[in-house]
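Here is the structure we will look at.
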Amino acid sequence: IAKDIILSEKQLSTWGNNPKADLQIISKKKINGKTEVKSLYKNKTISFTIPFTDSASIENALHCAASMLFLGYDPVIIKKRMLALCQVAMRLELKEGINGCSIINDSYSSDITSLSIALDFLNQQKQHPTRTVILSDILQSGRKTEELFTEVASLLEGLNVDKLIGIGPEISSQRGLFSMQKSFYTDTEDFINRFDFASLQNEAILLKGARKFAFEKISRILQQKTHETILEINLDALIHNLNYYRSKLVRGTKIMAMVKAFSYGSGSFEIASLLQYHHTDYLSVAYADEGYELRKAGITLPIMVMNADEQSVETLLRNDLEPEIYSFRMLTLLEEAISNYNGGLPQPVKIHIKVDTGMYRLGFELQDLDKLTKQLMDNPMITIGSVFSHLAASEVRFHDDFTRYQIDLFKKMSEKICSQFDYKILCHILNSAGISRFPEAQFDMVRLGISLYGIASVENEQHALEHVSTLRSTISQIKKVPANETIGYNRQWKATKDMAIAIVPIGYADGLSRRLSNGIGKLFINGHPAPVVGNVCMDMCMVDISKIEASEGDEVIVFSKDHPITELAHDLGTIPYEVLTGISRRVKRVYFQE
Ligand SMILES: *Cc1c(COP(=O)(O)O)cnc(C)c1O
């Protein structure tokens, strides 16, 4: 529906293998690091060569070719320009560094385009007061040094870089062009020997160096030593998923992104900054503390707090956080806090009224509404930002009649409230599964949760989402276990024949449930399932690798794109929500953007 409305006046053009596509791709052959494409456009065969073989680059190039054809470019020009494309291999990673710094390591390419993309990413990191760039000479740009670094200097200034560390003779020779705090070194060794690393404190640091400068030596010093189990989060995938759900909305419908419980385990400000950068309308957290953390990290989006309590009302008011009000007790607490506020509040507090439409969790009921609206009308220091409710079984087809009943009741309850006020109040009821299954109930806003993090709540939608989180570890040690020996605590596993096991540094304190012990769960090594043997320990576990070729140091996958978290959740008899939010804070989160 949304698509029809938004696109009704646009001309659509398509490309693909399908003969019905405007630009039909007939064949793609990979030869000598290039891809030869044969295609059909308006009954004419068009062939061209793309100088890449990886599928993402090919897809990008085909988008370009298609766009150029639709815009009327001559195929001869397309052919020529395709050959002139060069690879932008980029993979931006955000890692925790020493002294409270965050490190963005981008030493895969060094040219001005990738520098500006990386700077953009740096600029999104509002959680640190200082933004620092460590930059080497830019090699083979084919441009005059001064002209090149004049452009670099204006890029750095435009993106609010506070500090520059230049490494290399060329950048050093242009030091006069830079107006921020700066220092220069002749090469990486010189920098490592002379630089006082303790002087970096609570900064977002971009490391950008040509390969020759071996910046990995610097990143090793800057990165905090981590234990080997990490949760890797693909930020591009998250944005893809955001936009996928955005495309399902009637134009003008807002999105509230649920970032409660540490963004379903994937991080706090890291995720919130990204969502803010991509123009999400609202964020929602469970507790005031979570909201406070986001405000401290520079998040300016409106934030709804779902479980504000007595102790945290003050935090709410001080940090421009908007409480969910679900009961008269809560409302009274808020009113008291407002009237006791030191010096008086500068402006009314925005609240979100939760109504219960049949889930029997928090919320006002129908018979409360007259009293509620009266009390709210009498208090000029409170305004209503939204009225909302929550669906109990939006993903379960069997309960669809009940869901429709909830939606109807919500309509009735929200109208009863909204009609009493002369300003716009947002109404919302849909969560992820609701967005997919009840498009007619979008109202003014939807609340996107689990599916933002790549887990479809409707089975046939999984393919449309991109995979976000991968939990991986490594093999610490491999052992042979003779038949009849026992493995692990309480000797619960007995080897029935000679076997080989791997010890992996992830345990129940990391979020690998102890219920996975003794064959219930499995990890994946070199593509093969390795069943857990013995009891999962606090910090590690043992897996059976008798049938797998593996060495110490090899990667171990707990869940990934190919080994879905839904299966792990199934083995555990739970849902992905519990697995994701159960990954403990000591597991390092590593973020990347392609
Ligand atoms: C967690 C939550 C959501 C999001 O639900 P998903 O199923 O993760 O999309 C929406 N609304 C409320 C009130 C929630 O608590």
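Residue numbers start at 1 in each chain; chains themselves are named A, B, ... in the order of the structure tokens; ligands are numbered from 1 in the order shown.
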
Quick one: residues within 10 Å of ligand 1, with only C-alpha atoms and all ligand atoms, as a compact mmCIF listing (two decimals) with all heavy atoms, in the first residue's frame?
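Written out: result13.txt:
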```txt
# COMPACT_ATOMS: atom_id res chain seq x y z
N MET A 256 9.63 4.82 15.73
CA MET A 256 10.30 4.83 17.02
C MET A 256 11.17 3.58 17.04
O MET A 256 10.67 2.47 16.87
CB MET A 256 9.27 4.78 18.15
CG MET A 256 9.87 4.63 19.53
SD MET A 256 8.61 4.51 20.83
CE MET A 256 8.31 6.23 21.19
N ALA A 257 12.48 3.77 17.19
CA ALA A 257 13.36 2.60 17.24
C ALA A 257 13.53 2.20 18.70
O ALA A 257 13.83 3.02 19.56
CB ALA A 257 14.70 2.93 16.61
N MET A 258 13.32 0.91 18.97
CA MET A 258 13.44 0.41 20.34
C MET A 258 14.91 0.11 20.61
O MET A 258 15.49 -0.78 19.98
CB MET A 258 12.60 -0.85 20.53
CG MET A 258 11.14 -0.71 20.08
SD MET A 258 10.27 0.70 20.81
CE MET A 258 9.90 0.06 22.43
N VAL A 259 15.51 0.86 21.50
CA VAL A 259 16.91 0.62 21.85
C VAL A 259 17.03 0.22 23.32
O VAL A 259 18.06 0.41 23.95
CB VAL A 259 17.81 1.84 21.52
CG1 VAL A 259 17.90 2.05 20.02
CG2 VAL A 259 17.30 3.12 22.18
N LYS A 260 15.95 -0.36 23.84
CA LYS A 260 15.95 -0.82 25.22
C LYS A 260 16.91 -2.00 25.37
O LYS A 260 17.28 -2.63 24.37
CB LYS A 260 14.53 -1.25 25.62
CG LYS A 260 13.97 -2.35 24.72
CD LYS A 260 12.51 -2.62 25.01
CE LYS A 260 11.98 -3.70 24.08
NZ LYS A 260 10.53 -3.86 24.20
N ALA A 261 17.23 -2.31 26.62
CA ALA A 261 18.11 -3.44 26.92
C ALA A 261 19.36 -3.42 26.05
O ALA A 261 19.67 -4.37 25.35
CB ALA A 261 17.38 -4.78 26.76
N SER A 263 20.02 -1.86 23.33
CA SER A 263 19.66 -2.11 21.93
C SER A 263 19.61 -3.61 21.62
O SER A 263 20.27 -4.09 20.71
CB SER A 263 20.61 -1.42 20.96
OG SER A 263 20.61 -0.04 21.16
N TYR A 264 18.81 -4.32 22.38
CA TYR A 264 18.68 -5.77 22.22
C TYR A 264 20.06 -6.43 22.23
O TYR A 264 20.35 -7.35 21.46
CB TYR A 264 17.94 -6.12 20.92
CG TYR A 264 16.47 -5.77 20.90
CD1 TYR A 264 16.03 -4.49 21.14
CD2 TYR A 264 15.50 -6.74 20.63
CE1 TYR A 264 14.69 -4.16 21.13
CE2 TYR A 264 14.14 -6.42 20.60
CZ TYR A 264 13.75 -5.13 20.85
OH TYR A 264 12.42 -4.80 20.83
N SER A 284 13.34 4.61 22.06
CA SER A 284 12.70 4.21 23.29
C SER A 284 13.60 3.28 24.09
O SER A 284 14.22 2.36 23.54
CB SER A 284 11.38 3.50 22.98
OG SER A 284 10.84 3.01 24.19
N VAL A 285 13.69 3.56 25.39
CA VAL A 285 14.48 2.72 26.29
C VAL A 285 13.59 2.23 27.41
O VAL A 285 12.47 2.72 27.59
CB VAL A 285 15.67 3.51 26.89
CG1 VAL A 285 16.66 3.91 25.81
CG2 VAL A 285 15.19 4.73 27.64
N ALA A 286 14.07 1.25 28.17
CA ALA A 286 13.26 0.73 29.26
C ALA A 286 13.41 1.61 30.50
O ALA A 286 12.42 1.93 31.17
CB ALA A 286 13.66 -0.71 29.57
N MET A 306 10.17 3.72 29.14
CA MET A 306 8.98 2.91 29.41
C MET A 306 8.75 2.57 30.87
O MET A 306 7.62 2.45 31.30
CB MET A 306 9.04 1.63 28.57
CG MET A 306 8.92 1.94 27.08
SD MET A 306 8.62 0.48 26.10
CE MET A 306 10.18 -0.33 26.25
N ASN A 307 9.84 2.36 31.63
CA ASN A 307 9.65 1.99 33.03
C ASN A 307 10.28 2.99 33.97
O ASN A 307 11.18 2.66 34.72
CB ASN A 307 10.26 0.62 33.32
CG ASN A 307 9.60 -0.48 32.54
OD1 ASN A 307 8.39 -0.65 32.61
ND2 ASN A 307 10.37 -1.19 31.76
N GLU A 324 6.82 7.13 29.89
CA GLU A 324 5.56 6.44 29.64
C GLU A 324 4.79 6.54 30.96
O GLU A 324 5.32 6.24 32.02
CB GLU A 324 5.84 4.98 29.31
CG GLU A 324 4.62 4.07 29.39
CD GLU A 324 4.96 2.59 29.21
OE1 GLU A 324 5.85 2.28 28.38
OE2 GLU A 324 4.33 1.76 29.88
N LYS A 354 0.21 5.03 28.13
CA LYS A 354 0.10 3.63 27.72
C LYS A 354 -1.29 3.13 28.11
O LYS A 354 -1.70 3.25 29.26
CB LYS A 354 1.17 2.82 28.46
CG LYS A 354 1.12 1.31 28.26
CD LYS A 354 1.69 0.93 26.90
CE LYS A 354 2.12 -0.52 26.81
NZ LYS A 354 3.30 -0.83 27.55
N ARG A 361 -0.58 -6.11 30.73
CA ARG A 361 0.68 -5.65 31.28
C ARG A 361 0.42 -4.20 31.65
O ARG A 361 -0.73 -3.84 31.87
CB ARG A 361 1.79 -5.82 30.22
CG ARG A 361 3.15 -6.08 30.80
CD ARG A 361 4.16 -6.49 29.74
NE ARG A 361 4.46 -5.43 28.80
CZ ARG A 361 5.38 -5.54 27.84
NH1 ARG A 361 6.06 -6.65 27.70
NH2 ARG A 361 5.61 -4.56 27.02
N LEU A 362 1.43 -3.34 31.71
CA LEU A 362 1.18 -1.97 32.15
C LEU A 362 0.16 -1.25 31.28
O LEU A 362 0.07 -1.49 30.09
CB LEU A 362 2.50 -1.18 32.10
CG LEU A 362 3.65 -1.69 32.97
CD1 LEU A 362 4.86 -0.80 32.78
CD2 LEU A 362 3.22 -1.74 34.42
N PHE A 388 -0.38 5.15 23.33
CA PHE A 388 -0.02 3.90 22.65
C PHE A 388 -0.44 2.67 23.44
O PHE A 388 -0.81 2.75 24.61
CB PHE A 388 1.48 3.87 22.34
CG PHE A 388 2.38 3.62 23.53
CD1 PHE A 388 3.00 2.39 23.69
CD2 PHE A 388 2.61 4.61 24.47
CE1 PHE A 388 3.85 2.15 24.76
CE2 PHE A 388 3.46 4.38 25.55
CZ PHE A 388 4.08 3.15 25.69
N SER A 389 -0.41 1.54 22.72
CA SER A 389 -0.72 0.27 23.36
C SER A 389 0.19 -0.79 22.76
O SER A 389 0.94 -0.50 21.81
CB SER A 389 -2.19 -0.08 23.12
OG SER A 389 -2.53 -1.21 23.90
N HIS A 390 0.18 -1.98 23.31
CA HIS A 390 1.09 -3.02 22.84
C HIS A 390 0.30 -4.27 22.48
O HIS A 390 -0.61 -4.66 23.22
CB HIS A 390 2.12 -3.32 23.93
CG HIS A 390 3.32 -4.08 23.46
ND1 HIS A 390 3.94 -3.83 22.25
CD2 HIS A 390 4.04 -5.06 24.04
CE1 HIS A 390 4.98 -4.64 22.12
NE2 HIS A 390 5.05 -5.40 23.18
N LEU A 391 0.65 -4.89 21.35
CA LEU A 391 -0.06 -6.09 20.92
C LEU A 391 0.53 -7.32 21.61
O LEU A 391 1.75 -7.44 21.75
CB LEU A 391 0.06 -6.24 19.40
CG LEU A 391 -0.59 -5.13 18.58
CD1 LEU A 391 -0.27 -5.30 17.10
CD2 LEU A 391 -2.11 -5.11 18.80
N ALA A 392 -0.34 -8.23 22.00
CA ALA A 392 0.12 -9.39 22.75
C ALA A 392 0.61 -10.51 21.84
O ALA A 392 1.48 -11.29 22.21
CB ALA A 392 -1.01 -9.91 23.63
N ALA A 393 0.06 -10.60 20.64
CA ALA A 393 0.37 -11.78 19.81
C ALA A 393 0.40 -11.42 18.33
O ALA A 393 -0.13 -12.15 17.49
CB ALA A 393 -0.66 -12.88 20.07
N SER A 394 1.07 -10.31 18.02
CA SER A 394 1.02 -9.82 16.63
C SER A 394 1.62 -10.81 15.64
O SER A 394 1.32 -10.77 14.46
CB SER A 394 1.72 -8.48 16.52
OG SER A 394 3.04 -8.59 17.01
N GLU A 395 2.51 -11.72 16.09
CA GLU A 395 3.13 -12.64 15.14
C GLU A 395 2.39 -13.97 15.02
O GLU A 395 2.76 -14.80 14.22
CB GLU A 395 4.60 -12.86 15.45
CG GLU A 395 4.92 -13.71 16.66
CD GLU A 395 5.14 -12.89 17.93
OE1 GLU A 395 4.32 -11.97 18.19
OE2 GLU A 395 6.11 -13.18 18.65
N HIS A 428 0.12 5.06 18.43
CA HIS A 428 0.91 3.95 17.87
C HIS A 428 0.67 2.65 18.63
O HIS A 428 0.51 2.65 19.86
CB HIS A 428 2.41 4.28 17.83
CG HIS A 428 2.98 4.90 19.07
ND1 HIS A 428 3.87 4.24 19.90
CD2 HIS A 428 2.81 6.11 19.62
CE1 HIS A 428 4.22 5.05 20.89
NE2 HIS A 428 3.58 6.18 20.76
N ILE A 429 0.68 1.56 17.87
CA ILE A 429 0.43 0.25 18.51
C ILE A 429 1.31 -0.86 17.93
O ILE A 429 1.54 -1.87 18.58
CB ILE A 429 -1.07 -0.14 18.40
CG1 ILE A 429 -1.37 -1.36 19.28
CG2 ILE A 429 -1.48 -0.39 16.94
CD1 ILE A 429 -2.84 -1.62 19.50
N LEU A 430 1.88 -0.67 16.72
CA LEU A 430 2.56 -1.80 16.07
C LEU A 430 4.01 -2.00 16.52
O LEU A 430 4.78 -1.05 16.58
CB LEU A 430 2.56 -1.61 14.55
CG LEU A 430 1.19 -1.56 13.86
CD1 LEU A 430 1.38 -1.42 12.35
CD2 LEU A 430 0.36 -2.80 14.19
N ASN A 431 4.38 -3.24 16.81
CA ASN A 431 5.78 -3.63 16.97
C ASN A 431 6.25 -4.25 15.66
O ASN A 431 5.54 -4.17 14.65
CB ASN A 431 5.92 -4.60 18.15
CG ASN A 431 5.21 -5.92 17.87
OD1 ASN A 431 4.32 -5.98 17.01
ND2 ASN A 431 5.58 -6.96 18.59
N SER A 432 7.43 -4.88 15.64
CA SER A 432 7.97 -5.40 14.37
C SER A 432 6.98 -6.29 13.64
O SER A 432 6.66 -6.06 12.46
CB SER A 432 9.25 -6.20 14.61
OG SER A 432 10.23 -5.41 15.21
N ALA A 433 6.48 -7.31 14.30
CA ALA A 433 5.58 -8.25 13.63
C ALA A 433 4.31 -7.52 13.19
O ALA A 433 3.77 -7.79 12.11
CB ALA A 433 5.23 -9.41 14.55
N GLY A 434 3.86 -6.59 14.00
CA GLY A 434 2.68 -5.81 13.65
C GLY A 434 2.88 -5.01 12.36
O GLY A 434 1.99 -4.93 11.52
N ILE A 435 4.08 -4.44 12.20
CA ILE A 435 4.36 -3.65 11.00
C ILE A 435 4.21 -4.54 9.77
O ILE A 435 3.64 -4.15 8.76
CB ILE A 435 5.78 -3.06 11.02
CG1 ILE A 435 5.96 -2.15 12.24
CG2 ILE A 435 6.08 -2.28 9.74
CD1 ILE A 435 7.40 -1.69 12.48
N VAL A 446 5.21 3.76 14.34
CA VAL A 446 5.35 2.35 14.66
C VAL A 446 6.58 2.18 15.55
O VAL A 446 7.46 3.04 15.55
CB VAL A 446 5.49 1.47 13.39
CG1 VAL A 446 4.25 1.56 12.52
CG2 VAL A 446 6.73 1.87 12.60
N ARG A 447 6.62 1.09 16.29
CA ARG A 447 7.75 0.86 17.20
C ARG A 447 8.53 -0.36 16.73
O ARG A 447 8.11 -1.51 16.93
CB ARG A 447 7.24 0.65 18.63
CG ARG A 447 6.46 1.84 19.16
CD ARG A 447 6.14 1.70 20.63
NE ARG A 447 5.44 0.46 20.95
CZ ARG A 447 4.12 0.32 20.92
NH1 ARG A 447 3.33 1.33 20.60
NH2 ARG A 447 3.58 -0.84 21.22
N LEU A 448 9.66 -0.09 16.12
CA LEU A 448 10.44 -1.16 15.51
C LEU A 448 11.47 -1.70 16.50
O LEU A 448 12.28 -0.94 17.02
CB LEU A 448 11.14 -0.59 14.26
CG LEU A 448 11.98 -1.53 13.43
CD1 LEU A 448 11.18 -2.71 12.92
CD2 LEU A 448 12.60 -0.77 12.26
N GLY A 449 11.41 -3.00 16.75
CA GLY A 449 12.33 -3.60 17.71
C GLY A 449 13.19 -4.67 17.07
O GLY A 449 14.07 -4.39 16.24
N ILE A 450 12.89 -5.92 17.37
CA ILE A 450 13.75 -7.05 17.02
C ILE A 450 14.15 -7.09 15.54
O ILE A 450 15.27 -7.47 15.22
CB ILE A 450 13.06 -8.38 17.45
CG1 ILE A 450 14.00 -9.57 17.36
CG2 ILE A 450 11.82 -8.67 16.60
CD1 ILE A 450 14.73 -9.86 18.61
N SER A 451 13.26 -6.69 14.66
CA SER A 451 13.55 -6.83 13.23
C SER A 451 14.59 -5.83 12.75
O SER A 451 15.28 -6.06 11.76
CB SER A 451 12.28 -6.72 12.40
OG SER A 451 11.42 -7.77 12.76
N LEU A 452 14.70 -4.72 13.46
CA LEU A 452 15.78 -3.78 13.17
C LEU A 452 17.12 -4.50 13.30
O LEU A 452 18.07 -4.25 12.57
CB LEU A 452 15.70 -2.62 14.16
CG LEU A 452 16.70 -1.49 14.08
CD1 LEU A 452 16.63 -0.79 12.73
CD2 LEU A 452 16.44 -0.49 15.19
N TYR A 453 17.18 -5.44 14.26
CA TYR A 453 18.42 -6.16 14.54
C TYR A 453 18.54 -7.43 13.69
O TYR A 453 19.32 -8.32 14.00
CB TYR A 453 18.51 -6.45 16.04
CG TYR A 453 18.34 -5.17 16.83
CD1 TYR A 453 17.12 -4.82 17.40
CD2 TYR A 453 19.39 -4.26 16.93
CE1 TYR A 453 16.94 -3.61 18.07
CE2 TYR A 453 19.23 -3.05 17.59
CZ TYR A 453 18.01 -2.73 18.16
OH TYR A 453 17.84 -1.53 18.79
N ILE A 455 16.24 -9.82 12.84
CA ILE A 455 15.49 -11.05 13.07
C ILE A 455 14.04 -10.84 12.68
O ILE A 455 13.33 -10.04 13.28
CB ILE A 455 15.63 -11.48 14.53
CG1 ILE A 455 17.10 -11.82 14.78
CG2 ILE A 455 14.74 -12.68 14.85
CD1 ILE A 455 17.52 -11.70 16.19
N ALA A 456 13.64 -11.54 11.63
CA ALA A 456 12.28 -11.35 11.12
C ALA A 456 11.30 -11.96 12.09
O ALA A 456 11.56 -13.01 12.68
CB ALA A 456 12.15 -12.00 9.75
N SER A 457 10.17 -11.30 12.28
CA SER A 457 9.18 -11.90 13.15
C SER A 457 8.11 -12.61 12.31
O SER A 457 7.19 -13.20 12.83
CB SER A 457 8.56 -10.87 14.08
OG SER A 457 8.51 -9.62 13.46
N TYR A 577 15.10 -13.00 21.27
CA TYR A 577 15.16 -11.82 22.15
C TYR A 577 15.99 -12.15 23.39
O TYR A 577 16.83 -11.36 23.83
CB TYR A 577 13.76 -11.42 22.64
CG TYR A 577 12.75 -10.95 21.62
CD1 TYR A 577 12.14 -11.84 20.75
CD2 TYR A 577 12.34 -9.62 21.60
CE1 TYR A 577 11.16 -11.40 19.86
CE2 TYR A 577 11.35 -9.18 20.70
CZ TYR A 577 10.77 -10.08 19.84
OH TYR A 577 9.81 -9.67 18.97
```

List as a compact mmCIF listing (two decimals) with N, CA and C atoms, in the first residue's frame the protein and nucleic acid residues near Asn99 of chain A, meaning an atom at most 10 Å away when only C-alpha atoms are counted, but skip any in the same chain fewer than 5 places from it.
```txt
# COMPACT_ATOMS: atom_id res chain seq x y z
N PHE A 197 51.08 8.23 24.46
CA PHE A 197 49.74 7.63 24.24
C PHE A 197 48.79 7.93 25.39
N ALA A 198 49.35 8.21 26.58
CA ALA A 198 48.47 8.52 27.71
C ALA A 198 47.77 9.87 27.51
N SER A 199 48.26 10.66 26.55
CA SER A 199 47.61 11.96 26.33
C SER A 199 46.29 11.82 25.58
N LEU A 200 46.04 10.65 25.01
CA LEU A 200 44.74 10.43 24.36
C LEU A 200 43.74 10.03 25.44
N GLN A 201 42.70 10.82 25.61
CA GLN A 201 41.72 10.55 26.67
C GLN A 201 40.32 10.78 26.14
N ASN A 202 39.47 9.76 26.20
CA ASN A 202 38.06 9.92 25.84
C ASN A 202 37.88 10.61 24.48
N GLU A 203 38.55 10.09 23.47
CA GLU A 203 38.47 10.69 22.14
C GLU A 203 37.95 9.66 21.14
N LEU A 222 46.61 1.12 20.35
CA LEU A 222 45.43 1.89 20.77
C LEU A 222 44.27 1.02 21.24
N GLN A 223 44.21 -0.22 20.69
CA GLN A 223 43.06 -1.03 21.04
C GLN A 223 43.21 -1.67 22.40
N GLN A 224 42.09 -1.67 23.08
CA GLN A 224 42.10 -2.32 24.37
C GLN A 224 42.28 -3.81 24.15
```

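Residues in contact with Phe262 of chain A at up to 12 Å, not including ones fewer than 5 positions away on its chain and judged by only C-alpha atoms, are Gly267, Ser268, Phe269, Glu270, Ile271, Ala272, Ser284, Val285, Ala286, Tyr287, Asp289, Glu290, Gly291, Glu293, Leu294, Gly449, Tyr453, Tyr577, Leu580, Thr581, Gly582, Ile583, Ser584, Arg585 and Arg589 of chain A.
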
Could you save those same residues with N, CA, C and O atoms as a compact mmCIF listing (two decimals), in the first residue's frame?
```
# COMPACT_ATOMS: atom_id res chain seq x y z
N GLY A 267 24.33 -2.71 21.75
CA GLY A 267 25.10 -1.52 22.09
C GLY A 267 24.19 -0.36 22.45
O GLY A 267 23.00 -0.42 22.22
N SER A 268 24.76 0.69 23.03
CA SER A 268 23.88 1.81 23.40
C SER A 268 24.09 2.98 22.45
O SER A 268 23.45 3.06 21.41
N PHE A 269 25.04 3.89 22.78
CA PHE A 269 25.17 5.08 21.95
C PHE A 269 25.61 4.75 20.53
O PHE A 269 25.31 5.47 19.60
N GLU A 270 26.33 3.63 20.37
CA GLU A 270 26.80 3.28 19.03
C GLU A 270 25.61 3.12 18.09
O GLU A 270 25.63 3.57 16.95
N ILE A 271 24.59 2.43 18.59
CA ILE A 271 23.41 2.18 17.77
C ILE A 271 22.56 3.44 17.70
O ILE A 271 22.09 3.83 16.62
N ALA A 272 22.39 4.09 18.84
CA ALA A 272 21.54 5.29 18.86
C ALA A 272 22.10 6.40 17.96
O ALA A 272 21.35 7.06 17.26
N SER A 284 13.34 4.61 22.06
CA SER A 284 12.70 4.21 23.29
C SER A 284 13.60 3.28 24.09
O SER A 284 14.22 2.36 23.54
N VAL A 285 13.69 3.56 25.39
CA VAL A 285 14.48 2.72 26.29
C VAL A 285 13.59 2.23 27.41
O VAL A 285 12.47 2.72 27.59
N ALA A 286 14.07 1.25 28.17
CA ALA A 286 13.26 0.73 29.26
C ALA A 286 13.41 1.61 30.50
O ALA A 286 12.42 1.93 31.17
N TYR A 287 14.63 2.02 30.82
CA TYR A 287 14.88 2.72 32.08
C TYR A 287 15.48 4.10 31.87
O TYR A 287 16.17 4.35 30.87
N ASP A 289 17.99 5.41 33.29
CA ASP A 289 19.45 5.36 33.21
C ASP A 289 19.92 5.17 31.78
O ASP A 289 20.92 5.74 31.34
N GLU A 290 19.21 4.30 31.06
CA GLU A 290 19.59 4.05 29.66
C GLU A 290 19.44 5.35 28.86
O GLU A 290 20.29 5.67 28.01
N GLY A 291 18.37 6.07 29.13
CA GLY A 291 18.15 7.34 28.43
C GLY A 291 19.23 8.35 28.79
O GLY A 291 19.75 9.08 27.94
N GLU A 293 22.30 7.71 29.68
CA GLU A 293 23.53 7.34 28.96
C GLU A 293 23.51 7.90 27.54
O GLU A 293 24.52 8.38 27.03
N LEU A 294 22.36 7.82 26.90
CA LEU A 294 22.27 8.30 25.52
C LEU A 294 22.42 9.82 25.46
O LEU A 294 23.11 10.36 24.60
N GLY A 449 11.41 -3.00 16.75
CA GLY A 449 12.33 -3.60 17.71
C GLY A 449 13.19 -4.67 17.07
O GLY A 449 14.07 -4.39 16.24
N TYR A 453 17.18 -5.44 14.26
CA TYR A 453 18.42 -6.16 14.54
C TYR A 453 18.54 -7.43 13.69
O TYR A 453 19.32 -8.32 14.00
N TYR A 577 15.10 -13.00 21.27
CA TYR A 577 15.16 -11.82 22.15
C TYR A 577 15.99 -12.15 23.39
O TYR A 577 16.83 -11.36 23.83
N LEU A 580 19.83 -12.73 22.56
CA LEU A 580 20.53 -11.48 22.23
C LEU A 580 20.75 -10.61 23.47
O LEU A 580 21.84 -10.10 23.69
N THR A 581 19.68 -10.44 24.26
CA THR A 581 19.81 -9.54 25.39
C THR A 581 20.59 -10.19 26.53
O THR A 581 20.99 -9.52 27.47
N GLY A 582 20.83 -11.50 26.41
CA GLY A 582 21.58 -12.19 27.46
C GLY A 582 23.08 -12.19 27.25
O GLY A 582 23.83 -12.67 28.09
N ILE A 583 23.55 -11.65 26.12
CA ILE A 583 25.00 -11.62 25.89
C ILE A 583 25.58 -10.56 26.79
O ILE A 583 25.22 -9.39 26.72
N SER A 584 26.47 -10.97 27.68
CA SER A 584 26.82 -10.06 28.76
C SER A 584 27.68 -8.91 28.28
O SER A 584 28.28 -8.95 27.21
N ARG A 585 27.73 -7.88 29.12
CA ARG A 585 28.43 -6.66 28.73
C ARG A 585 29.92 -6.90 28.59
O ARG A 585 30.61 -6.12 27.94
N ARG A 589 31.78 -5.54 21.97
CA ARG A 589 31.03 -5.31 20.75
C ARG A 589 31.96 -4.64 19.74
O ARG A 589 32.65 -3.68 20.08
```

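Picture a line from atom CA of Tyr591 of chain A to atom CA of Arg472 of chain A; it runs 13.4 Å.
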
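The residue that comes closest to Gly158 of chain A, out of A:Glu335, A:Asp137, A:Glu96, A:Asp120 and on the basis of only C-alpha atoms, is A:Asp120.
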
Might you pull out every residue within 10 Å of Ser476 of chain A, with only C-alpha atoms counted and same-chain residues fewer than 2 positions away left off, and present them as a compact mmCIF listing (two decimals) with N, CA, C and O atoms, in the first residue's frame?
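Now in around05.txt:
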```txt
# COMPACT_ATOMS: atom_id res chain seq x y z
N GLU A 228 38.81 -13.06 23.76
CA GLU A 228 38.68 -13.40 22.35
C GLU A 228 37.26 -13.58 21.84
O GLU A 228 37.05 -13.88 20.69
N SER A 473 34.09 -16.64 18.62
CA SER A 473 35.16 -16.83 19.58
C SER A 473 36.28 -17.59 18.87
O SER A 473 36.26 -17.68 17.64
N THR A 474 37.23 -18.08 19.63
CA THR A 474 38.32 -18.85 19.01
C THR A 474 38.65 -20.06 19.88
O THR A 474 38.32 -20.08 21.07
N ILE A 478 43.23 -27.51 22.14
CA ILE A 478 42.61 -28.75 21.64
C ILE A 478 43.20 -29.91 22.46
O ILE A 478 44.39 -29.91 22.78
N ALA A 502 37.63 -29.25 21.76
CA ALA A 502 38.21 -27.90 21.75
C ALA A 502 37.67 -27.15 22.94
O ALA A 502 36.50 -27.30 23.30
N ILE A 503 38.55 -26.36 23.57
CA ILE A 503 38.11 -25.51 24.68
C ILE A 503 37.95 -24.09 24.13
O ILE A 503 38.84 -23.57 23.47
N VAL A 504 36.77 -23.53 24.37
CA VAL A 504 36.41 -22.24 23.76
C VAL A 504 36.13 -21.23 24.89
O VAL A 504 35.38 -21.55 25.81
N PRO A 505 36.72 -20.02 24.80
CA PRO A 505 36.57 -19.05 25.89
C PRO A 505 35.24 -18.31 25.88
O PRO A 505 35.19 -17.09 25.76
N MET A 540 34.14 -20.59 30.04
CA MET A 540 34.48 -21.38 28.85
C MET A 540 33.59 -22.59 28.72
O MET A 540 32.79 -22.91 29.61
N SER A 551 42.37 -26.36 14.29
CA SER A 551 43.61 -26.07 15.02
C SER A 551 43.33 -25.03 16.09
O SER A 551 42.36 -24.27 16.00
N GLU A 552 44.21 -24.98 17.06
CA GLU A 552 44.09 -23.95 18.09
C GLU A 552 44.15 -22.58 17.42
O GLU A 552 44.90 -22.39 16.47
N GLY A 553 43.33 -21.66 17.88
CA GLY A 553 43.28 -20.33 17.25
C GLY A 553 42.20 -20.22 16.18
O GLY A 553 41.87 -19.12 15.76
N ASP A 554 41.64 -21.33 15.74
CA ASP A 554 40.58 -21.27 14.72
C ASP A 554 39.35 -20.57 15.28
O ASP A 554 39.07 -20.58 16.47
N GLU A 555 38.61 -20.02 14.33
CA GLU A 555 37.40 -19.29 14.71
C GLU A 555 36.27 -20.24 15.12
O GLU A 555 36.13 -21.32 14.56
```

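Among the candidates A:Gly519, A:Gly298, A:Gly344, A:Gly488, the residue lying nearest to Gln124 of chain A is A:Gly298 (atoms considered: only C-alpha atoms).
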
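Within 6 Å of Leu23 of chain A, once only C-alpha atoms are used and residues closer than 4 positions along the same chain are dropped, the contacting residues are Trp15, Leu40 and Tyr41 of chain A.
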